[in-house]
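Visitor: Structure incoming, see below.
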Amino acid sequence: MLTFDLPTIWAFIIAFAIFAYVVMDGFDLGIGILFPWIPPGRERDSAMNSVAPLWDGNETWLVLGGGGMLAAFPLAYGTILSALYAPIVAMLLALVFRGVAFEFRWRDPRHRAYWDVAFSIGSIAAALAQGITLGALLQGIAVEGRVYAGGWFDWLRPFTVLVGVSLVCGYALLGSTWLIMKSEDTLQARCYRMAFGLAIGTIVAIGAVSAATPFLSDVYWQRWFAWPQVLFTAQVPLLVAIATAVFFASLKRRHTYTPFLMALLVFTLSLAGLGISLFPYVVPPSITIWDAAAPPASLKFMLPGVLVMVPIILAYTGYSYWVFRGKTGHEGYH
């Protein structure tokens, strides 16, 4: 009789939601991060218009990931929130801040410069908080008796700040390559130049995080370097190197779509590396997905709804991107 490991299925569903959020909202946050280097006026308006029809829908995946974690892994949800209240609340407030700024800059042109600053600060703060949260999870959370046993500032360490800065740089790279696809003329030329420097910074940051991660835990070290799994894990940095070479070649040839696709591939491979390090722990180094899972009856009850809703979300998201494909131009959608 065929059986299914429900906690593993739910872990992959939540991982997919997080991956979709990083991919789809990453370039959106990246545009806000780049705002100080985009001149006010038509170029900023074009950059903003390139995500105007899409930005709020992109955050659907954040809701799905967070809600899925609460429903499927309540122990992990409570533990992670207890350990990471500060960066998670900061991220949510920053997302609200930038969302308000996004809409008000069009409705209040007299104060547009202030709303632009707010949009940029919110984007940078949200990306930094997400990276710090990820870094804190990766470095491990102290748990005793199924309860968080660490301090208030355990999330603030050099490694977590490194991951936070790396994610800011990576999101900015996604934003610049997105604008290469969606913009024209001077803005597109500016983004080609920015993408080159941001790609170097992102690759250096990925290398630094990857070099530091195995030293956080013996488990991580064994996952990446023990024989024979090293034959498998070595493919991840190899593919990152290939994607990076293709990226820079496409920039040199002024390709329109390839830089964005290669940047997405680098993010995908980085998240795959994260999965290799963490699985099967949802709260390293002590709580696995099986320890944290809700009762099997609950997981079974929720699964059909998710299996119906995820394809629907993918369908309307894909349709939105199809409808608003092509160059943005200067007229925009407002």
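The way I read the labels, and the way they are meant: chains A, B, ... in the order of the structure tokens, residue 1 as the first residue of every chain, and ligand 1 as the first ligand shown, with later ones counted on from there.
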Write out as a PyMOL selection string each polymer residue whose atoms come within 7 Å of Ala243 in chain A, counting only C-alpha atoms; drop sequence neighbours fewer than 2 positions from it.
Guide: chain A and resi 239-241+245-247+262+265-266
Visitor: Kindly save the residues from that selection, with C-alpha atoms included, as a PDB file, in the first residue's frame.
Guide:
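Saved file again_31.pdb follows:
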```pdb
ATOM      1  CA  LEU A 239      26.282  25.098 -11.283  1.00  0.00           C
ATOM      2  CA  VAL A 240      26.564  28.488  -9.564  1.00  0.00           C
ATOM      3  CA  ALA A 241      29.893  29.043 -11.332  1.00  0.00           C
ATOM      4  CA  ALA A 245      29.756  32.815 -16.307  1.00  0.00           C
ATOM      5  CA  VAL A 246      26.639  32.819 -18.483  1.00  0.00           C
ATOM      6  CA  PHE A 247      25.357  35.867 -16.595  1.00  0.00           C
ATOM      7  CA  MET A 262      20.638  33.557 -14.631  1.00  0.00           C
ATOM      8  CA  LEU A 265      19.061  30.449 -11.254  1.00  0.00           C
ATOM      9  CA  VAL A 266      21.747  31.579  -8.809  1.00  0.00           C
TER      10      VAL A 266
END
```
Visitor: Apply DSSP to the structure's backbone, then extract all residues of range 167-294 of chain A labelled alpha helix (DSSP H) and return them as a PyMOL selection string.
Guide: chain A and resi 167-182+185-212+218-225+230-233+235-252+258-278+289-292
Visitor: Counting only C-alpha atoms, which residues of range 226-334 of chain A fall within 6 Å of range 59-83 of chain A, and what is the closest atom pair for each with its distance in Å at one decimal, ordered by chain and rising number, as CSV?
Guide:
```
residue,atom,partner,partner_atom,distance
A:Ala292,CA,A:Leu75,CA,5.0
A:Ala293,CA,A:Phe73,CA,4.4
A:Ala294,CA,A:Ala72,CA,5.3
```
Visitor: For Leu134 in chain A, find every residue with an atom within 8 Å (counting only C-alpha atoms), except residues of its own chain fewer than 6 positions away, and show them as an NGL selection string.
Guide: :A and (160 or 163-164)
Visitor: Output all heavy atoms for every residue in that selection, as a JSON list (two decimals), in the first residue's frame.
Guide:
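Output file result24.json follows:
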```
[["chain", "number", "residue", "atom", "x", "y", "z"],
["A", 160, "THR", "N", 24.71, 36.46, 10.94],
["A", 160, "THR", "CA", 23.36, 36.85, 10.53],
["A", 160, "THR", "C", 23.38, 38.18, 9.77],
["A", 160, "THR", "O", 22.63, 38.36, 8.80],
["A", 160, "THR", "CB", 22.42, 36.96, 11.74],
["A", 160, "THR", "OG1", 22.85, 37.99, 12.61],
["A", 160, "THR", "CG2", 22.38, 35.64, 12.50],
["A", 163, "VAL", "N", 24.53, 37.44, 6.25],
["A", 163, "VAL", "CA", 23.45, 36.91, 5.42],
["A", 163, "VAL", "C", 22.47, 38.03, 5.05],
["A", 163, "VAL", "O", 21.99, 38.10, 3.92],
["A", 163, "VAL", "CB", 22.73, 35.76, 6.15],
["A", 163, "VAL", "CG1", 21.57, 35.24, 5.30],
["A", 163, "VAL", "CG2", 23.68, 34.62, 6.45],
["A", 164, "GLY", "N", 22.18, 38.92, 6.00],
["A", 164, "GLY", "CA", 21.27, 40.03, 5.71],
["A", 164, "GLY", "C", 21.80, 40.94, 4.62],
["A", 164, "GLY", "O", 21.08, 41.29, 3.68]]
```
Visitor: So, with only C-alpha atoms as the atoms that count, which of A:Trp152, A:Gly99, A:His111, A:Pro237 lies closest to Ala86 in chain A?
Guide: A:Trp152
